[in-house]
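Undergrad: Sending over final35.csv (CSV, C-alpha atoms).
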chain,number,residue,atom,x,y,z
A,1,MET,CA,21.0,-30.4,54.4
A,2,ALA,CA,18.6,-27.8,53.0
A,3,ARG,CA,17.9,-24.8,55.1
A,4,ARG,CA,14.6,-25.0,57.0
A,5,PRO,CA,12.2,-22.2,55.8
A,6,LYS,CA,11.5,-19.6,58.5
A,7,LEU,CA,7.9,-19.0,59.4
A,8,LEU,CA,6.9,-16.0,61.6
A,9,TYR,CA,3.5,-15.7,63.2
A,10,LEU,CA,2.3,-12.2,64.1
A,11,VAL,CA,-0.6,-12.3,66.7
A,12,THR,CA,-1.6,-9.6,69.2
A,13,GLU,CA,-2.3,-11.8,72.2
A,14,ASP,CA,-0.4,-14.9,73.5
A,15,TRP,CA,-3.7,-16.5,74.9
A,16,TYR,CA,-5.3,-16.3,71.5
A,17,PHE,CA,-2.3,-17.9,69.8
A,18,VAL,CA,-2.2,-20.8,72.3
A,19,SER,CA,-6.0,-21.3,72.0
A,20,HIS,CA,-6.3,-21.0,68.2
A,21,ARG,CA,-2.9,-21.4,66.6
A,22,LEU,CA,-0.5,-23.5,68.7
A,23,PRO,CA,-1.4,-26.9,67.2
A,24,LEU,CA,-0.9,-25.4,63.7
A,25,ALA,CA,2.5,-24.0,64.7
A,26,ILE,CA,3.6,-27.3,66.2
A,27,ALA,CA,2.5,-29.1,63.0
A,28,ALA,CA,4.4,-26.5,60.9
A,29,LYS,CA,7.5,-27.2,62.9
A,30,ALA,CA,7.1,-30.9,62.4
A,31,ALA,CA,6.6,-30.3,58.7
A,32,GLY,CA,10.1,-28.7,58.4
A,33,PHE,CA,9.6,-25.0,59.2
A,34,ASP,CA,11.6,-23.0,61.7
A,35,VAL,CA,8.8,-21.4,63.6
A,36,SER,CA,8.8,-18.1,65.6
A,37,VAL,CA,5.9,-16.3,67.3
A,38,ALA,CA,5.7,-12.6,67.8
A,39,THR,CA,3.0,-11.7,70.3
A,40,ARG,CA,2.2,-9.7,73.4
A,41,VAL,CA,3.3,-12.0,76.2
A,42,GLN,CA,1.1,-12.2,79.3
A,43,ASP,CA,0.3,-15.6,80.8
A,44,HIS,CA,0.9,-18.1,78.0
A,45,GLY,CA,4.6,-17.5,77.1
A,46,ASP,CA,5.7,-20.8,78.7
A,47,ALA,CA,3.2,-22.8,76.7
A,48,ILE,CA,4.7,-21.4,73.4
A,49,ARG,CA,8.3,-21.9,74.5
A,50,ASN,CA,7.6,-25.4,75.8
A,51,ALA,CA,6.3,-26.3,72.3
A,52,GLY,CA,9.7,-25.7,71.0
A,53,LEU,CA,8.8,-22.4,69.3
A,54,ASN,CA,10.9,-19.2,69.3
A,55,LEU,CA,8.9,-16.5,71.2
A,56,ILE,CA,9.4,-12.8,70.4
A,57,PRO,CA,7.6,-10.4,72.8
A,58,ILE,CA,6.0,-7.4,71.2
A,59,SER,CA,3.8,-4.6,72.5
A,60,LEU,CA,1.2,-4.3,69.7
A,61,SER,CA,-2.1,-3.3,71.1
A,62,ARG,CA,-5.4,-4.6,69.7
A,63,SER,CA,-7.3,-1.4,70.3
A,64,GLY,CA,-4.9,1.5,70.1
A,65,LEU,CA,-5.5,4.2,67.5
A,66,HIS,CA,-3.1,7.0,68.6
A,67,PRO,CA,-1.3,8.0,65.3
A,68,ILE,CA,2.2,8.4,66.8
A,69,ARG,CA,1.9,5.2,68.9
A,70,GLU,CA,0.6,3.3,65.9
A,71,PHE,CA,3.4,4.5,63.6
A,72,ARG,CA,5.9,3.4,66.2
A,73,SER,CA,4.3,0.0,66.3
A,74,ILE,CA,4.6,-0.4,62.5
A,75,ALA,CA,8.2,0.8,62.7
A,76,GLY,CA,9.0,-1.7,65.4
A,77,LEU,CA,7.4,-4.5,63.5
A,78,ALA,CA,9.4,-3.5,60.4
A,79,ALA,CA,12.6,-3.7,62.4
A,80,LEU,CA,11.6,-7.1,63.9
A,81,ILE,CA,10.7,-8.6,60.5
A,82,ARG,CA,13.9,-7.2,59.0
A,83,GLY,CA,15.9,-8.8,61.8
A,84,GLU,CA,14.1,-12.2,61.7
A,85,SER,CA,14.1,-12.3,57.9
A,86,PRO,CA,11.4,-14.9,57.6
A,87,ASP,CA,10.6,-16.7,54.4
A,88,LEU,CA,6.9,-16.7,55.2
A,89,LEU,CA,4.9,-14.2,57.4
A,90,HIS,CA,1.6,-15.4,58.8
A,91,ASN,CA,-0.5,-12.4,60.2
A,92,VAL,CA,-3.5,-13.3,62.3
A,93,ALA,CA,-6.5,-10.9,62.6
A,94,MET,CA,-7.2,-7.4,61.4
A,95,LYS,CA,-4.5,-5.3,63.0
A,96,PRO,CA,-1.6,-7.7,62.5
A,97,VAL,CA,-2.8,-8.2,58.9
A,98,THR,CA,-2.7,-4.4,58.1
A,99,TYR,CA,0.3,-3.5,60.2
A,100,GLY,CA,2.4,-6.6,59.6
A,101,THR,CA,2.0,-6.5,55.8
A,102,LEU,CA,2.8,-2.8,55.8
A,103,ALA,CA,5.9,-3.4,58.0
A,104,ALA,CA,7.0,-6.2,55.7
A,105,ARG,CA,6.4,-4.3,52.4
A,106,PHE,CA,10.0,-3.3,51.8
A,107,HIS,CA,12.2,-5.4,54.0
A,108,GLY,CA,10.2,-8.5,54.7
A,109,PRO,CA,9.4,-11.8,53.0
A,110,LYS,CA,7.8,-12.1,49.6
A,111,ALA,CA,5.4,-14.7,50.9
A,112,VAL,CA,2.6,-13.5,53.3
A,113,VAL,CA,-0.4,-15.3,54.7
A,114,ASN,CA,-3.0,-12.9,56.0
A,115,ALA,CA,-5.7,-14.6,58.1
A,116,LEU,CA,-8.8,-12.6,58.8
A,117,MET,CA,-10.6,-14.1,61.8
A,118,GLY,CA,-13.8,-12.3,60.7
A,119,MET,CA,-14.3,-8.7,59.6
A,120,GLY,CA,-14.5,-7.5,63.2
A,121,TRP,CA,-16.1,-4.5,64.8
A,122,ALA,CA,-15.3,-2.0,62.0
A,123,PHE,CA,-17.5,-3.9,59.5
A,124,SER,CA,-20.2,-5.1,61.9
A,125,SER,CA,-20.9,-2.0,64.0
A,126,ASP,CA,-23.2,0.8,62.9
A,127,SER,CA,-21.6,3.3,65.4
A,128,ALA,CA,-20.4,6.6,64.1
A,129,LYS,CA,-16.8,5.7,65.0
A,130,ALA,CA,-17.0,2.5,63.0
A,131,GLN,CA,-18.5,4.2,60.0
A,132,MET,CA,-15.8,6.9,60.1
A,133,LEU,CA,-13.0,4.3,60.3
A,134,ARG,CA,-14.4,1.9,57.7
A,135,PRO,CA,-13.1,3.7,54.6
A,136,LEU,CA,-9.6,3.9,56.1
A,137,ILE,CA,-9.6,0.2,57.0
A,138,LYS,CA,-10.7,-0.6,53.5
A,139,VAL,CA,-7.8,1.2,52.0
A,140,ALA,CA,-5.4,-0.5,54.5
A,141,LEU,CA,-6.8,-3.9,53.7
A,142,ARG,CA,-6.7,-3.4,50.0
A,143,THR,CA,-3.0,-2.5,50.3
A,144,ALA,CA,-2.3,-5.4,52.7
A,145,LEU,CA,-4.1,-8.1,50.6
A,146,SER,CA,-3.0,-7.1,47.2
A,147,GLY,CA,0.5,-8.7,47.0
A,148,VAL,CA,1.1,-11.2,44.3
A,149,ASP,CA,2.7,-13.6,46.8
A,150,THR,CA,-0.1,-13.1,49.4
A,151,ARG,CA,-2.8,-15.5,50.3
A,152,VAL,CA,-5.9,-14.4,52.3
A,153,ILE,CA,-7.4,-16.9,54.7
A,154,VAL,CA,-11.1,-16.4,55.6
A,155,GLN,CA,-13.2,-18.6,57.9
A,156,ASN,CA,-16.6,-18.2,56.2
A,157,ARG,CA,-18.1,-17.8,52.8
A,158,ASP,CA,-19.7,-14.4,53.7
A,159,ASP,CA,-16.3,-12.9,54.3
A,160,ALA,CA,-14.9,-14.3,51.1
A,161,THR,CA,-17.8,-12.7,49.2
A,162,LEU,CA,-17.4,-9.4,51.0
A,163,LEU,CA,-13.7,-9.2,50.2
A,164,THR,CA,-14.4,-9.9,46.5
A,165,ASP,CA,-17.3,-7.5,46.2
A,166,LEU,CA,-15.4,-4.7,47.8
A,167,ARG,CA,-12.4,-5.5,45.7
A,168,LEU,CA,-10.2,-5.8,48.8
A,169,ALA,CA,-8.6,-9.1,47.6
A,170,ARG,CA,-8.2,-11.0,44.4
A,171,PRO,CA,-10.5,-14.0,44.3
A,172,GLU,CA,-7.7,-16.3,43.3
A,173,ALA,CA,-5.7,-15.3,46.4
A,174,ILE,CA,-8.6,-16.2,48.9
A,175,ARG,CA,-8.5,-19.5,50.7
A,176,LEU,CA,-11.6,-20.6,52.6
A,177,ILE,CA,-10.4,-22.5,55.7
A,178,ARG,CA,-13.3,-22.7,58.1
A,179,GLY,CA,-12.2,-22.0,61.6
A,180,SER,CA,-9.3,-23.0,63.7
A,181,GLY,CA,-10.4,-26.6,64.0
A,182,VAL,CA,-10.9,-28.8,67.0
A,183,ASN,CA,-9.9,-32.3,67.9
A,184,PRO,CA,-13.2,-34.1,68.4
A,185,ASN,CA,-11.6,-36.7,70.6
A,186,ALA,CA,-10.8,-34.0,73.2
A,187,TYR,CA,-14.5,-33.5,73.9
A,188,SER,CA,-17.0,-35.7,75.7
A,189,THR,CA,-20.3,-36.5,74.1
A,190,GLN,CA,-21.9,-38.0,77.2
A,191,ALA,CA,-25.2,-36.6,78.4
A,192,PRO,CA,-25.0,-33.7,80.8
A,193,PRO,CA,-25.6,-34.3,84.5
A,194,PRO,CA,-29.2,-34.4,85.8
A,195,GLY,CA,-30.9,-31.3,87.1
A,196,PRO,CA,-32.3,-28.1,85.5
A,197,PRO,CA,-30.9,-27.6,82.0
A,198,LEU,CA,-27.8,-25.4,81.8
A,199,VAL,CA,-27.4,-22.9,79.0
A,200,ILE,CA,-24.0,-21.3,78.6
A,201,LEU,CA,-22.7,-18.4,76.7
A,202,PRO,CA,-18.9,-18.9,76.2
A,203,ALA,CA,-17.3,-15.6,75.0
A,204,ARG,CA,-15.3,-12.6,75.9
A,205,LEU,CA,-17.6,-10.2,77.7
A,206,ILE,CA,-18.2,-7.5,75.2
A,207,ALA,CA,-21.5,-6.2,74.1
A,208,PRO,CA,-21.3,-7.3,70.4
A,209,LYS,CA,-21.2,-10.9,71.6
A,210,GLY,CA,-24.8,-10.5,72.6
A,211,ILE,CA,-24.2,-10.5,76.4
A,212,PHE,CA,-27.1,-8.1,77.1
A,213,GLU,CA,-29.5,-10.0,74.8
A,214,PHE,CA,-28.6,-13.2,76.6
A,215,MET,CA,-29.2,-11.7,80.0
A,216,GLN,CA,-32.5,-10.2,78.9
A,217,ALA,CA,-33.6,-13.5,77.4
A,218,ALA,CA,-32.7,-15.3,80.6
A,219,ALA,CA,-34.7,-12.8,82.6
A,220,LEU,CA,-37.7,-13.3,80.3
A,221,LEU,CA,-37.6,-17.1,80.6
A,222,LYS,CA,-37.1,-17.0,84.4
A,223,ALA,CA,-40.1,-14.7,84.7
A,224,GLU,CA,-42.1,-17.3,82.8
A,225,GLY,CA,-41.1,-19.9,85.3
A,226,ILE,CA,-38.8,-21.8,83.0
A,227,ASP,CA,-36.6,-24.1,85.1
A,228,ALA,CA,-33.2,-23.6,83.7
A,229,ARG,CA,-29.8,-22.1,84.5
A,230,PHE,CA,-28.0,-19.5,82.4
A,231,ALA,CA,-24.3,-18.9,82.7
A,232,LEU,CA,-21.8,-16.5,81.3
A,233,VAL,CA,-18.5,-18.2,80.7
A,234,GLY,CA,-15.8,-15.6,79.9
A,235,ALA,CA,-14.1,-12.6,81.3
A,236,PRO,CA,-14.6,-8.9,80.6
A,237,ASP,CA,-12.2,-7.8,77.8
A,238,ALA,CA,-10.9,-4.6,79.3
A,239,ALA,CA,-9.0,-3.7,76.0
A,240,ASN,CA,-12.3,-3.5,74.1
A,241,PRO,CA,-14.3,-0.3,74.2
A,242,ALA,CA,-17.5,-2.4,74.3
A,243,VAL,CA,-16.5,-4.3,77.4
A,244,VAL,CA,-19.3,-5.6,79.7
A,245,THR,CA,-18.1,-5.2,83.3
A,246,ARG,CA,-18.9,-7.2,86.4
A,247,GLU,CA,-20.8,-4.2,87.7
A,248,VAL,CA,-23.1,-4.4,84.7
A,249,ILE,CA,-23.7,-8.1,85.1
A,250,GLU,CA,-24.3,-7.9,88.9
A,251,PRO,CA,-28.0,-7.0,88.8
A,252,TYR,CA,-28.7,-10.1,86.8
A,253,THR,CA,-26.7,-12.4,89.0
A,254,ARG,CA,-28.1,-10.9,92.1
A,255,ALA,CA,-31.6,-11.5,90.8
A,256,GLY,CA,-30.7,-15.2,90.1
A,257,GLN,CA,-31.3,-14.7,86.4
A,258,VAL,CA,-27.7,-15.5,85.2
A,259,GLU,CA,-24.6,-17.0,86.7
A,260,TYR,CA,-21.1,-15.6,86.2
A,261,TRP,CA,-18.4,-18.2,85.8
A,262,GLY,CA,-15.6,-16.1,84.5
A,263,TRP,CA,-12.7,-17.2,82.4
A,264,ARG,CA,-12.3,-21.0,82.2
A,265,GLU,CA,-9.4,-23.0,80.8
A,266,ASP,CA,-11.3,-26.3,81.1
A,267,MET,CA,-13.8,-25.7,78.4
A,268,ALA,CA,-14.2,-29.4,77.5
A,269,HIS,CA,-15.4,-30.0,81.1
A,270,VAL,CA,-17.6,-26.9,81.1
A,271,LEU,CA,-19.3,-28.1,77.9
A,272,SER,CA,-19.8,-31.5,79.4
A,273,MET,CA,-22.0,-29.9,82.1
A,274,ALA,CA,-24.1,-27.8,79.6
A,275,ASN,CA,-27.2,-28.8,77.8
A,276,ILE,CA,-27.3,-25.9,75.3
A,277,VAL,CA,-24.7,-23.5,74.0
A,278,CYS,CA,-25.8,-20.0,73.1
A,279,LEU,CA,-23.9,-17.3,71.2
A,280,PRO,CA,-26.2,-14.3,70.2
A,281,THR,CA,-23.3,-12.4,68.7
A,282,PHE,CA,-23.6,-9.5,66.2
A,283,TYR,CA,-19.8,-9.1,66.1
A,284,GLY,CA,-18.0,-9.6,62.8
A,285,GLU,CA,-17.2,-13.2,63.5
A,286,GLY,CA,-14.9,-15.5,61.5
A,287,LEU,CA,-16.1,-18.9,62.8
A,288,PRO,CA,-16.3,-18.9,66.6
A,289,LYS,CA,-14.3,-21.7,68.1
A,290,SER,CA,-16.7,-21.9,71.0
A,291,LEU,CA,-19.4,-23.1,68.6
A,292,LEU,CA,-17.0,-25.7,67.1
A,293,GLU,CA,-16.3,-26.9,70.6
A,294,ALA,CA,-20.0,-27.0,71.4
A,295,ALA,CA,-20.7,-29.1,68.3
A,296,ALA,CA,-17.7,-31.4,69.1
A,297,SER,CA,-19.3,-31.9,72.5
A,298,ALA,CA,-22.6,-32.9,70.9
A,299,ARG,CA,-24.5,-29.9,72.3
A,300,ALA,CA,-27.4,-28.2,70.6
A,301,ILE,CA,-26.6,-24.6,69.7
A,302,VAL,CA,-28.7,-21.4,69.7
A,303,ALA,CA,-26.9,-18.6,67.8
A,304,THR,CA,-27.6,-15.6,65.7
A,305,ASP,CA,-28.0,-15.7,61.9
A,306,VAL,CA,-24.8,-13.9,61.1
A,307,PRO,CA,-21.6,-14.7,59.2
A,308,GLY,CA,-19.5,-17.3,61.0
A,309,CYS,CA,-22.3,-18.7,63.1
A,310,ARG,CA,-24.3,-19.9,60.1
A,311,GLU,CA,-21.2,-21.7,58.9
A,312,ILE,CA,-21.4,-24.2,61.7
A,313,VAL,CA,-25.0,-23.8,62.9
A,314,ARG,CA,-27.6,-25.1,60.4
A,315,HIS,CA,-31.1,-24.2,61.5
A,316,GLY,CA,-33.2,-27.3,62.1
A,317,GLU,CA,-30.2,-29.6,61.8
A,318,ASN,CA,-27.9,-29.0,64.7
A,319,GLY,CA,-29.5,-25.9,66.3
A,320,TRP,CA,-31.4,-22.7,66.0
A,321,LEU,CA,-30.5,-19.4,64.2
A,322,VAL,CA,-32.2,-16.3,65.4
A,323,PRO,CA,-32.1,-12.6,64.3
A,324,PRO,CA,-29.3,-10.6,66.0
A,325,ARG,CA,-30.0,-8.0,68.7
A,326,ASN,CA,-33.4,-9.5,69.5
A,327,ALA,CA,-33.8,-10.8,73.0
A,328,SER,CA,-37.4,-11.9,72.4
A,329,GLU,CA,-36.6,-14.1,69.5
A,330,LEU,CA,-33.6,-15.4,71.4
A,331,ALA,CA,-35.8,-16.3,74.4
A,332,SER,CA,-38.2,-18.1,72.1
A,333,ALA,CA,-35.5,-20.3,70.6
A,334,LEU,CA,-34.0,-21.0,74.0
A,335,ARG,CA,-37.5,-21.9,75.3
A,336,GLU,CA,-37.9,-24.4,72.5
A,337,ALA,CA,-34.5,-25.9,73.1
A,338,ILE,CA,-34.9,-26.1,76.9
A,339,THR,CA,-38.4,-27.8,76.7
A,340,GLN,CA,-37.3,-30.3,74.0
A,341,PRO,CA,-34.4,-32.3,75.4
A,342,GLU,CA,-34.8,-35.1,72.9
A,343,LEU,CA,-34.5,-32.7,70.0
A,344,CYS,CA,-31.4,-31.2,71.6
A,345,THR,CA,-29.9,-34.7,71.8
A,346,GLN,CA,-30.7,-35.2,68.1
A,347,TYR,CA,-29.2,-31.8,67.2
A,348,GLY,CA,-26.1,-32.5,69.3
A,349,ALA,CA,-25.4,-35.8,67.5
A,350,ALA,CA,-25.7,-34.0,64.1
A,351,GLY,CA,-23.3,-31.3,65.2
A,352,ARG,CA,-20.7,-33.8,66.3
A,353,LEU,CA,-20.9,-35.6,63.0
A,354,MET,CA,-20.5,-32.2,61.2
A,355,VAL,CA,-17.3,-31.4,63.1
A,356,GLU,CA,-15.8,-34.8,62.4
A,357,ARG,CA,-16.5,-34.5,58.7
A,358,GLU,CA,-15.8,-30.8,58.0
A,359,PHE,CA,-14.2,-28.9,60.9
A,360,SER,CA,-11.6,-31.2,62.5
A,361,LEU,CA,-8.2,-29.8,63.5
A,362,GLU,CA,-6.5,-32.2,61.2
A,363,HIS,CA,-8.4,-30.9,58.2
A,364,VAL,CA,-7.6,-27.2,59.1
A,365,ILE,CA,-3.9,-27.9,59.6
A,366,LYS,CA,-3.6,-29.7,56.3
A,367,GLN,CA,-5.3,-26.9,54.4
A,368,THR,CA,-3.1,-24.3,56.0
A,369,LEU,CA,0.2,-26.2,55.5
A,370,ASP,CA,-0.8,-26.7,51.8
A,371,THR,CA,-1.1,-22.9,51.6
A,372,TYR,CA,2.3,-22.4,53.2
A,373,ARG,CA,4.0,-24.9,50.8
A,374,GLU,CA,2.3,-23.2,47.8
A,375,LEU,CA,3.8,-19.9,48.7
A,376,VAL,CA,7.2,-21.1,49.8
A,377,GLU,CA,7.7,-23.2,46.7
A,378,GLN,CA,6.9,-20.4,44.3
A,379,ALA,CA,8.9,-17.7,46.2
Translate the structure described by the file into structure tokens.
TA:
Amino acid sequence: MARRPKLLYLVTEDWYFVSHRLPLAIAAKAAGFDVSVATRVQDHGDAIRNAGLNLIPISLSRSGLHPIREFRSIAGLAALIRGESPDLLHNVAMKPVTYGTLAARFHGPKAVVNALMGMGWAFSSDSAKAQMLRPLIKVALRTALSGVDTRVIVQNRDDATLLTDLRLARPEAIRLIRGSGVNPNAYSTQAPPPGPPLVILPARLIAPKGIFEFMQAAALLKAEGIDARFALVGAPDAANPAVVTREVIEPYTRAGQVEYWGWREDMAHVLSMANIVCLPTFYGEGLPKSLLEAAASARAIVATDVPGCREIVRHGENGWLVPPRNASELASALREAITQPELCTQYGAAGRLMVEREFSLEHVIKQTLDTYRELVEQA
């Protein structure tokens, strides 16, 4: 019997792996790979083990920048990769891509898949810190993405163009796989319950997700007398320097302008209660899974006209696209959506059809497994 090729996933957080990559890993195992997952284990380790995958706890931080600590992280990853000796390494998101590829450069596999889930804060922020770090990150990315036996997965056309224009990756190495995919059958398309329309923002609570713009837009619409509810569905991301804390949200909740629902595992149920899904992000998105889930639930979407969002939201077809960082324009689009329920129903149906045709989990898994086979067969 031929040896099963070893596939190692490197992801910073176990919750992210379970939410965005677990079905892919299970499919890879069924396709004949021996699958291991290296991640920071918190609350989702059992879900990974119960899927029959080998779980390797690591301590890689998403946000750390201390030179000595980061060097130790790379050295630890190098030892891990050397010990596991995978045939294929799949790094997910910016830090695992740069650190994982560097760690694997001399003792790791020839075949590497680097999945960039958007270009992130460093390329979307205009802060002094981001501008200072951007040249260093470009050098690190150019090094990480340049291997002959490397494929680079991006989730939207804008990121593919950016990587090519900045000469960070070879065009022939780039694979456009739009999002993490969703199973449309897991989401109800029934009409939301009666009552005032419910608008939800499902995201980590960090400022670049447009949390402040959403709360400001809700306050504007409430002041106009618009009869609607506005809910934040997500938890503060304490590891992110742009975290939006409960204390910051409290004045809006106390005034009855927004509701705070916190982290929810039952997103299909949450979406079934919503009329409209809103994501006013100005973060460097890949393709937000929350918007794929919204479209799968046949919900109209109001989002910002930025990379990732405009991959799934088509203005005038399944939702509204508005300029980023503009609470007034956001309020205007939300007003239009709230006051036109028939149009929202039409947009929701169009979004559901879009997901079935272009963004299904089955489609994403097939494209990714094809990339794996391409690399393993030529290695």
Undergrad: For segment 358-366 of chain A, please output as a ChimeraX atom specification all residues within 6 Å (counting all atoms listed in the file; exclusion window: fewer than 2 positions along the same chain).
TA: /A:24,181-183,354-356,368-369
Undergrad: Which of these residues is nearest to Glu259 of chain A, using all atoms listed in the file: A:Ala207, A:Leu221, A:Ala38, A:Leu201?
TA: A:Leu201
Undergrad: Any idea what's packed within 8 Å of Ile58 of chain A, counting only C-alpha atoms, ignoring anything in its chain fewer than 4 positions away? Could you give it as an MDAnalysis selection string?
TA: chainID A and resid 38:41
Undergrad: Can you work out the spacing between atom CA of Asp237 of chain A and atom CA of Leu205 of chain A in Å, to one decimal?
TA: 5.9 Å
Undergrad: Taking 5 positions as the minimum chain separation for residues in the same chain, which residues sit within 7 Å of segment 88-105 of chain A when counting only C-alpha atoms? Answer as a PyMOL selection string.
TA: chain A and resi 6-12+62+74-75+77-78+81+111-117+140-141+144+376
Undergrad: Restricting the calculation to all atoms listed in the file: of A:Thr281, A:Ser59, A:Ser73, A:Asn275, which residue gets closest to Leu343 of chain A?
TA: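 So, comparing all the options, the nearest one is A:Asn275.
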Undergrad: Which residue, A:Ala350, A:Ser125, A:Trp320, A:Trp263, has the smallest gap to Ala242 of chain A when you use only C-alpha atoms?
TA: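 The answer is A:Ser125, which sits nearest to Ala242 of chain A.
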Undergrad: Residues near Asp227 of chain A, anyone? I mean within 12 Å using only C-alpha atoms, not counting same-chain ones fewer than 5 positions away, as a ChimeraX atom specification.
TA: /A:195-199,218-222,256-257,334-335,338-339
Undergrad: Would you mind telling me which residue in A:Ala203, A:Ile211, A:Ala47, A:Val258 lies nearest to Lys289 of chain A when using only C-alpha atoms?
TA: A:Ala203
Undergrad: Tell me, in Å to one decimal, how far atom CA of Phe17 of chain A is from atom CA of Gly179 of chain A.
TA: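 Computed distance, atom CA of Phe17 of chain A to atom CA of Gly179 of chain A, equals 13.5 Å.
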Undergrad: At what distance in Å, to one decimal, does atom CA of Thr304 of chain A lie from atom CA of Cys278 of chain A?
TA: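 Result for atom CA of Cys278 of chain A versus atom CA of Thr304 of chain A: 8.8 Å, one decimal.
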Undergrad: Taking (14.7, -23.0, 61.5) in the file's coordinates, which residues come within 12 Å, counting all atoms listed in the file, written as a CSV table (one decimal) with C-alpha atoms, in the coordinates of the input?
TA:
chain,number,residue,atom,x,y,z
A,2,ALA,CA,18.6,-27.8,53.0
A,3,ARG,CA,17.9,-24.8,55.1
A,4,ARG,CA,14.6,-25.0,57.0
A,5,PRO,CA,12.2,-22.2,55.8
A,6,LYS,CA,11.5,-19.6,58.5
A,7,LEU,CA,7.9,-19.0,59.4
A,8,LEU,CA,6.9,-16.0,61.6
A,28,ALA,CA,4.4,-26.5,60.9
A,29,LYS,CA,7.5,-27.2,62.9
A,30,ALA,CA,7.1,-30.9,62.4
A,31,ALA,CA,6.6,-30.3,58.7
A,32,GLY,CA,10.1,-28.7,58.4
A,33,PHE,CA,9.6,-25.0,59.2
A,34,ASP,CA,11.6,-23.0,61.7
A,35,VAL,CA,8.8,-21.4,63.6
A,36,SER,CA,8.8,-18.1,65.6
A,52,GLY,CA,9.7,-25.7,71.0
A,53,LEU,CA,8.8,-22.4,69.3
A,54,ASN,CA,10.9,-19.2,69.3
A,84,GLU,CA,14.1,-12.2,61.7
A,85,SER,CA,14.1,-12.3,57.9
A,86,PRO,CA,11.4,-14.9,57.6
A,87,ASP,CA,10.6,-16.7,54.4
A,88,LEU,CA,6.9,-16.7,55.2
Undergrad: With all atoms listed in the file counted, which protein, DNA or RNA residues have an atom no more than 12 Å from (-21.4, -3.6, 66.6) in the file frame? Please answer as a PyMOL selection string.
TA: chain A and resi 119-131+206-210+240-243+281-285+324-325
